$ cat run35.tsv   # TSV, C-alpha atoms
chain	number	residue	atom	x	y	z
Y	1149	MET	CA	-10.07	21.52	-20.90
Y	1150	SER	CA	-9.92	20.23	-24.48
Y	1151	GLN	CA	-12.37	21.35	-27.15
Y	1152	ASN	CA	-13.92	17.87	-27.25
Y	1153	ALA	CA	-14.35	17.85	-23.48
Y	1154	THR	CA	-15.90	21.31	-23.59
Y	1155	GLY	CA	-18.26	20.20	-26.34
Y	1156	SER	CA	-19.25	17.21	-24.24
Y	1157	VAL	CA	-20.05	19.45	-21.25
Y	1158	TYR	CA	-22.15	21.73	-23.47
Y	1159	HIS	CA	-24.04	18.77	-24.90
Y	1160	GLU	CA	-24.72	17.31	-21.46
Y	1161	THR	CA	-25.92	20.66	-20.11
Y	1162	TYR	CA	-28.22	21.14	-23.10
Y	1163	ARG	CA	-29.57	17.59	-22.78
Y	1164	ASN	CA	-30.31	18.13	-19.08
Y	1165	TYR	CA	-32.24	21.28	-19.85
Y	1166	LEU	CA	-34.30	19.50	-22.50
Y	1167	GLU	CA	-35.10	16.70	-20.04
Y	1168	GLN	CA	-36.36	19.25	-17.53
Y	1169	LEU	CA	-38.50	20.91	-20.19
Y	1170	THR	CA	-40.21	17.67	-21.18
Y	1171	SER	CA	-41.84	17.53	-17.74
Y	1172	LEU	CA	-43.20	21.10	-17.94
Y	1173	ARG	CA	-46.42	22.33	-19.49
Y	1174	PHE	CA	-46.86	25.81	-20.88
Y	1175	ASP	CA	-50.59	25.89	-21.51
Y	1176	GLY	CA	-51.83	29.11	-19.93
Y	1177	LYS	CA	-48.29	30.50	-19.63
Y	1178	GLU	CA	-48.33	32.34	-22.94
Y	1179	GLU	CA	-48.95	35.75	-21.38
Y	1180	VAL	CA	-46.55	35.25	-18.46
Y	1181	LEU	CA	-43.69	34.43	-20.83
Y	1182	GLY	CA	-44.78	36.19	-24.00
Y	1183	ILE	CA	-44.55	32.94	-25.96
Y	1184	THR	CA	-46.94	31.21	-28.35
Y	1185	LEU	CA	-47.90	27.56	-28.70
Y	1186	ASP	CA	-47.96	26.10	-32.20
Y	1187	GLY	CA	-49.23	22.53	-31.99
Y	1188	ASP	CA	-46.62	20.68	-29.95
Y	1189	ALA	CA	-44.04	23.45	-30.45
Y	1190	ILE	CA	-43.28	26.33	-28.11
Y	1191	VAL	CA	-42.30	29.49	-29.97
Y	1192	VAL	CA	-40.06	31.92	-28.11
Y	1193	PRO	CA	-39.31	35.39	-29.55
Y	1194	TYR	CA	-35.56	35.97	-29.25
Y	1195	PHE	CA	-33.76	39.05	-30.57
Y	1196	GLY	CA	-36.51	39.71	-33.10
Y	1197	GLN	CA	-36.65	36.16	-34.42
Y	1198	SER	CA	-38.30	32.93	-33.28
Y	1199	ILE	CA	-36.78	29.92	-31.59
Y	1200	ARG	CA	-38.95	26.81	-31.53
Y	1201	LEU	CA	-38.84	24.11	-28.87
Y	1202	THR	CA	-40.05	20.73	-30.11
Y	1203	ALA	CA	-39.40	17.13	-29.15
Y	1204	ASP	CA	-36.19	17.43	-31.21
Y	1205	GLY	CA	-34.89	20.36	-29.18
Y	1206	LEU	CA	-34.39	24.02	-30.05
Y	1207	LYS	CA	-34.36	25.25	-33.64
Y	1208	ASN	CA	-33.89	28.74	-35.03
Y	1209	GLU	CA	-35.66	30.10	-38.10
Y	1210	ALA	CA	-33.08	28.44	-40.34
Y	1211	GLY	CA	-33.86	25.06	-38.76
Y	1212	HIS	CA	-30.55	24.83	-36.91
Y	1213	ARG	CA	-29.80	24.51	-33.24
Y	1214	PRO	CA	-28.89	27.96	-31.89
Y	1215	ASP	CA	-25.51	28.73	-30.38
Y	1216	PHE	CA	-24.98	27.19	-26.96
Y	1217	SER	CA	-25.29	30.55	-25.19
Y	1218	ASP	CA	-28.66	31.16	-26.81
Y	1219	CYS	CA	-29.81	27.65	-25.91
Y	1220	VAL	CA	-28.93	28.22	-22.26
Y	1221	VAL	CA	-30.81	31.51	-22.08
Y	1222	VAL	CA	-33.96	30.24	-23.82
Y	1223	CYS	CA	-34.04	27.00	-21.84
Y	1224	ARG	CA	-33.56	28.76	-18.51
Y	1225	TYR	CA	-36.22	31.33	-19.44
Y	1226	LEU	CA	-38.73	28.53	-19.98
Y	1227	ILE	CA	-37.66	26.44	-17.00
Y	1228	MET	CA	-37.88	29.38	-14.58
Y	1229	CYS	CA	-41.36	30.40	-15.76
Y	1230	PRO	CA	-43.08	32.10	-12.78
Y	1231	LEU	CA	-46.66	31.42	-11.76
Y	1232	PHE	CA	-47.58	35.06	-12.35
Y	1233	GLU	CA	-45.96	37.93	-14.19
Y	1234	PRO	CA	-43.95	40.06	-11.73
Y	1235	THR	CA	-44.58	43.79	-11.66
Y	1236	GLN	CA	-41.21	45.24	-10.61
Y	1237	LYS	CA	-40.17	47.11	-13.75
Y	1238	GLU	CA	-37.73	49.62	-12.25
Y	1239	TRP	CA	-34.27	49.45	-13.81
Y	1240	ALA	CA	-31.38	47.98	-11.84
Y	1241	ALA	CA	-27.68	47.34	-12.41
Y	1242	TYR	CA	-26.55	43.74	-12.79
Y	1243	ARG	CA	-24.43	43.93	-9.62
Y	1244	ASP	CA	-27.58	44.60	-7.58
Y	1245	PHE	CA	-29.18	41.23	-8.34
Y	1246	PRO	CA	-29.06	38.26	-5.96
Y	1247	ASP	CA	-26.16	35.89	-6.66
Y	1248	ALA	CA	-24.58	38.28	-9.20
Y	1249	GLY	CA	-21.53	38.85	-7.00
Y	1250	PRO	CA	-19.20	36.17	-8.43
Y	1251	LEU	CA	-19.98	37.32	-11.98
Y	1252	THR	CA	-19.68	41.09	-11.63
Y	1253	VAL	CA	-16.06	41.07	-12.85
Y	1254	PHE	CA	-17.12	39.02	-15.88
Y	1255	TRP	CA	-19.96	41.49	-16.48
Y	1256	THR	CA	-17.67	44.50	-16.34
Y	1257	ASP	CA	-14.87	42.96	-18.41
Y	1258	THR	CA	-16.88	41.26	-21.15
Y	1259	VAL	CA	-20.22	43.10	-21.32
Y	1260	GLU	CA	-19.93	46.79	-20.44
Y	1261	ARG	CA	-16.24	47.67	-20.80
Y	1262	PRO	CA	-15.93	46.43	-24.42
Y	1263	LEU	CA	-18.87	48.67	-25.37
Y	1264	ALA	CA	-17.33	51.70	-23.69
Y	1265	ARG	CA	-13.89	51.05	-25.19
Y	1266	THR	CA	-15.11	50.25	-28.72
Y	1267	PHE	CA	-17.57	53.12	-29.06
Y	1268	SER	CA	-15.59	55.86	-27.32
Y	1269	GLY	CA	-15.77	58.76	-29.76
Y	1270	ARG	CA	-18.05	56.69	-32.01
Y	1271	VAL	CA	-21.57	57.30	-30.73
Y	1272	SER	CA	-22.96	57.25	-34.28
Y	1273	ALA	CA	-21.52	53.76	-34.81
Y	1274	LEU	CA	-23.15	52.57	-31.60
Y	1275	GLU	CA	-26.44	54.12	-32.70
Y	1276	LYS	CA	-26.14	52.20	-35.98
Y	1277	GLY	CA	-25.63	48.95	-34.08
Y	1278	CYS	CA	-28.60	49.67	-31.83
Y	1279	ASP	CA	-30.83	50.36	-34.82
Y	1280	ALA	CA	-29.74	47.11	-36.48
Y	1281	LEU	CA	-30.76	45.16	-33.38
Y	1282	GLY	CA	-34.12	46.88	-33.02
Y	1283	GLY	CA	-33.16	49.08	-30.09
Y	1284	SER	CA	-35.85	51.66	-29.34
Y	1285	ILE	CA	-35.66	55.07	-27.68
Y	1286	PRO	CA	-37.24	54.63	-24.22
Y	1287	ASP	CA	-39.92	56.95	-22.97
Y	1288	MET	CA	-37.89	58.26	-20.06
Y	1289	ASP	CA	-35.76	61.25	-19.18
Y	1290	ILE	CA	-32.16	60.23	-18.62
Y	1291	ALA	CA	-29.03	62.34	-19.00
Y	1292	CYS	CA	-26.68	60.49	-21.36
Y	1293	ASP	CA	-25.33	60.56	-24.90
Y	1294	LEU	CA	-27.32	57.51	-26.02
Y	1295	CYS	CA	-30.02	55.37	-24.45
Y	1296	ARG	CA	-31.71	52.41	-26.10
Y	1297	ARG	CA	-34.12	49.70	-24.94
Y	1298	PHE	CA	-33.80	46.14	-26.25
Y	1299	THR	CA	-36.17	43.21	-25.86
Y	1300	PRO	CA	-34.13	40.03	-26.46
Y	1301	LEU	CA	-36.84	38.02	-24.65
Y	1302	PRO	CA	-40.46	39.16	-24.21
Y	1303	LYS	CA	-40.23	39.80	-20.46
Y	1304	MET	CA	-36.49	40.51	-20.27
Y	1305	PRO	CA	-35.78	44.00	-21.63
Y	1306	LEU	CA	-32.32	45.52	-21.33
Y	1307	LEU	CA	-31.52	49.22	-21.19
Y	1308	LEU	CA	-28.25	50.52	-22.64
Y	1309	VAL	CA	-27.01	53.81	-21.21
Y	1310	PHE	CA	-23.91	55.21	-22.91
Y	1311	ASN	CA	-21.87	58.31	-22.13
Y	1312	ASP	CA	-19.03	59.28	-24.43
Y	1313	ALA	CA	-15.64	60.36	-23.20
Y	1314	ASP	CA	-15.09	64.02	-22.34
Y	1315	ASP	CA	-12.28	66.07	-20.86
Y	1316	ASP	CA	-12.92	64.69	-17.38
Y	1317	PHE	CA	-14.18	61.12	-17.78
Y	1318	PRO	CA	-13.65	58.14	-20.08
Y	1319	ALA	CA	-16.57	56.65	-22.01
Y	1320	SER	CA	-18.92	54.47	-19.99
Y	1321	ALA	CA	-21.59	51.94	-20.88
Y	1322	SER	CA	-24.18	50.38	-18.60
Y	1323	LEU	CA	-26.63	47.59	-19.38
Y	1324	LEU	CA	-29.56	47.54	-16.97
Y	1325	PHE	CA	-32.26	44.95	-16.29
Y	1326	GLU	CA	-35.71	45.39	-14.86
Y	1327	LYS	CA	-35.81	44.38	-11.19
Y	1328	ARG	CA	-38.08	41.45	-12.02
Y	1329	ALA	CA	-35.40	39.95	-14.29
Y	1330	SER	CA	-34.17	37.53	-11.62
Y	1331	THR	CA	-37.62	35.91	-11.66
Y	1332	TYR	CA	-37.12	34.93	-15.28
Y	1333	LEU	CA	-33.38	34.22	-15.40
Y	1334	ASP	CA	-30.76	33.29	-12.81
Y	1335	ALA	CA	-27.68	35.49	-12.46
Y	1336	GLU	CA	-25.52	33.33	-14.73
Y	1337	SER	CA	-28.12	33.36	-17.51
Y	1338	GLN	CA	-28.57	37.11	-17.10
Y	1339	ALA	CA	-24.82	37.51	-17.58
Y	1340	ILE	CA	-24.92	35.32	-20.68
Y	1341	LEU	CA	-27.79	37.35	-22.13
Y	1342	GLY	CA	-25.94	40.62	-21.53
Y	1343	HIS	CA	-22.82	39.17	-23.12
Y	1344	VAL	CA	-24.80	38.06	-26.18
Y	1345	LEU	CA	-26.30	41.53	-26.60
Y	1346	SER	CA	-22.93	43.24	-26.15
Y	1347	ASN	CA	-21.32	40.98	-28.77
Y	1348	ARG	CA	-24.19	41.54	-31.18
Y	1349	LEU	CA	-23.87	45.31	-30.80
Y	1350	LEU	CA	-20.15	45.14	-31.48
Y	1351	ALA	CA	-20.73	42.98	-34.55
Y	1352	ALA	CA	-23.67	45.01	-35.89
Y	1353	ALA	CA	-21.75	48.26	-35.70
Y	1354	CYS	CA	-18.99	46.78	-37.84
Y	1355	ASP	CA	-21.25	45.45	-40.63
$ encode --input "run35.tsv" --output "structure tokens"
Amino acid sequence: MSQNATGSVYHETYRNYLEQLTSLRFDGKEEVLGITLDGDAIVVPYFGQSIRLTADGLKNEAGHRPDFSDCVVVCRYLIMCPLFEPTQKEWAAYRDFPDAGPLTVFWTDTVERPLARTFSGRVSALEKGCDALGGSIPDMDIACDLCRRFTPLPKMPLLLVFNDADDDFPASASLLFEKRASTYLDAESQAILGHVLSNRLLAAACD
């Protein structure tokens, strides 16, 4: 597929999402989604910044349309808004979610494996990247070399569990969702969100 054709598909997908959003109302959904309403704008916290949805579409804090991946995640998060906030907050692997099956190879190859490969023997560099992205130390007892909790979207935390290589095993990295994640994002959007976080960690550690 040519770059122009790909761009056209992205534009059409984005336009379809915006059309769906115009028919939805978010009054009273602030707590369920962790968003705020500012006049006619919907403000969505995303990786520590704000993305605004207005009649003109999505805009980041610089006033530009976010990357397509970010647009997909934010739009799907709003479109899938549940009636009530789910309570299942236990952590689960991506492969355990409904409909994740066709994307588990993508998840392993582009989300978790690059983290394990890049930060093998470089736990301090990974810690630096986590700190740059606002990763917090979770209040839980887990045996690993590094564990950090991220909140890219208000109700969609991700847990990074990293074990460095030793004499018996190679380095491993796991990104976990809360079990309620599939209420807020479909499997494809979950995969996109994990990929965005993985790429941001790789970039932040190199800055």
$ residues_around --input "run35.tsv" --residues "Ile1340 (chain Y)" --least-positions-apart "4" --cutoff "12 Å" --atoms "all atoms listed in the file" --output "list in words"
Asp1215, Phe1216, Ser1217, Asp1218, Cys1219, Val1220, Val1221, Val1222, Arg1224, Tyr1242, Ala1248, Leu1251, Thr1252, Phe1254, Trp1255, Thr1258, Val1259, Pro1300, Leu1333, Asp1334, Ala1335, Glu1336, Val1344, Leu1345, Ser1346 and Asn1347 of chain Y
$ atom_distance --input "run35.tsv" --atom1 "CA of Arg1173 (chain Y)" --atom2 "CA of Arg1213 (chain Y)"
21.7 Å
$ closest_residue --input "run35.tsv" --among "Y:His1159, Y:His1343, Y:Lys1177, Y:Arg1297" --to "Glu1233 (chain Y)" --atoms "all atoms listed in the file"
Y:Lys1177
$ closest_residue --input "run35.tsv" --among "Y:Leu1201, Y:Ala1321, Y:Leu1206, Y:Leu1166" --to "Val1271 (chain Y)" --atoms "all atoms listed in the file"
Y:Ala1321
$ residues_around --input "run35.tsv" --residues "Tyr1165 (chain Y)" --least-positions-apart "2" --cutoff "10 Å" --atoms "only C-alpha atoms" --output "number ranges by chain"
Y: 1159-1163, 1167-1170, 1205, 1219-1220, 1222-1224, 1226-1227
$ atom_distance --input "run35.tsv" --atom1 "CA of Pro1234 (chain Y)" --atom2 "CA of Pro1302 (chain Y)"
13.0 Å
$ closest_residue --input "run35.tsv" --among "Y:Asp1316, Y:Asp1247, Y:Asp1186, Y:Asp1293" --to "Glu1275 (chain Y)" --atoms "only C-alpha atoms"
Y:Asp1293
$ residues_around --input "run35.tsv" --residues "region 1178-1183 of chain Y" --least-positions-apart "3" --cutoff "8 Å" --atoms "all atoms listed in the file" --output "ChimeraX atom specification"
/Y:1174-1175,1190-1193,1226,1229-1233,1302-1303
$ closest_residue --input "run35.tsv" --among "Y:Phe1245, Y:Trp1239, Y:Phe1310, Y:Phe1298" --to "Phe1267 (chain Y)" --atoms "all atoms listed in the file"
Y:Phe1310
$ atom_distance --input "run35.tsv" --atom1 "CA of Gly1176 (chain Y)" --atom2 "CA of Asp1188 (chain Y)"
14.1 Å
$ closest_residue --input "run35.tsv" --among "Y:Ala1273, Y:Cys1292, Y:Val1309, Y:Leu1341" --to "Ala1329 (chain Y)" --atoms "only C-alpha atoms"
Y:Leu1341
$ closest_residue --input "run35.tsv" --among "Y:Ala1280, Y:Leu1172, Y:Ala1339, Y:Ile1285" --to "Phe1195 (chain Y)" --atoms "only C-alpha atoms"
Y:Ala1280
$ residues_around --input "run35.tsv" --residues "Leu1308 (chain Y)" --least-positions-apart "2" --cutoff "6 Å" --atoms "all atoms listed in the file" --output "short mmCIF file (atom, residue, chain, number, x, y, z; two decimals) with C-alpha atoms, in the coordinates of the input"
data_model
loop_
_atom_site.label_atom_id
_atom_site.label_comp_id
_atom_site.auth_asym_id
_atom_site.auth_seq_id
_atom_site.Cartn_x
_atom_site.Cartn_y
_atom_site.Cartn_z
CA CYS Y 1295 -30.02 55.37 -24.45
CA ARG Y 1296 -31.71 52.41 -26.10
CA SER Y 1322 -24.18 50.38 -18.60
CA LEU Y 1323 -26.63 47.59 -19.38
#
$ residues_around --input "run35.tsv" --residues "Ala1319 (chain Y)" --least-positions-apart "6" --cutoff "8 Å" --atoms "only C-alpha atoms" --output "compact mmCIF listing (two decimals) with C-alpha atoms, keeping the file's coordinate frame"
# COMPACT_ATOMS: atom_id res chain seq x y z
CA ALA Y 1264 -17.33 51.70 -23.69
CA ARG Y 1265 -13.89 51.05 -25.19
CA PHE Y 1267 -17.57 53.12 -29.06
CA SER Y 1268 -15.59 55.86 -27.32
CA PHE Y 1310 -23.91 55.21 -22.91
CA ASN Y 1311 -21.87 58.31 -22.13
CA ASP Y 1312 -19.03 59.28 -24.43
CA ALA Y 1313 -15.64 60.36 -23.20
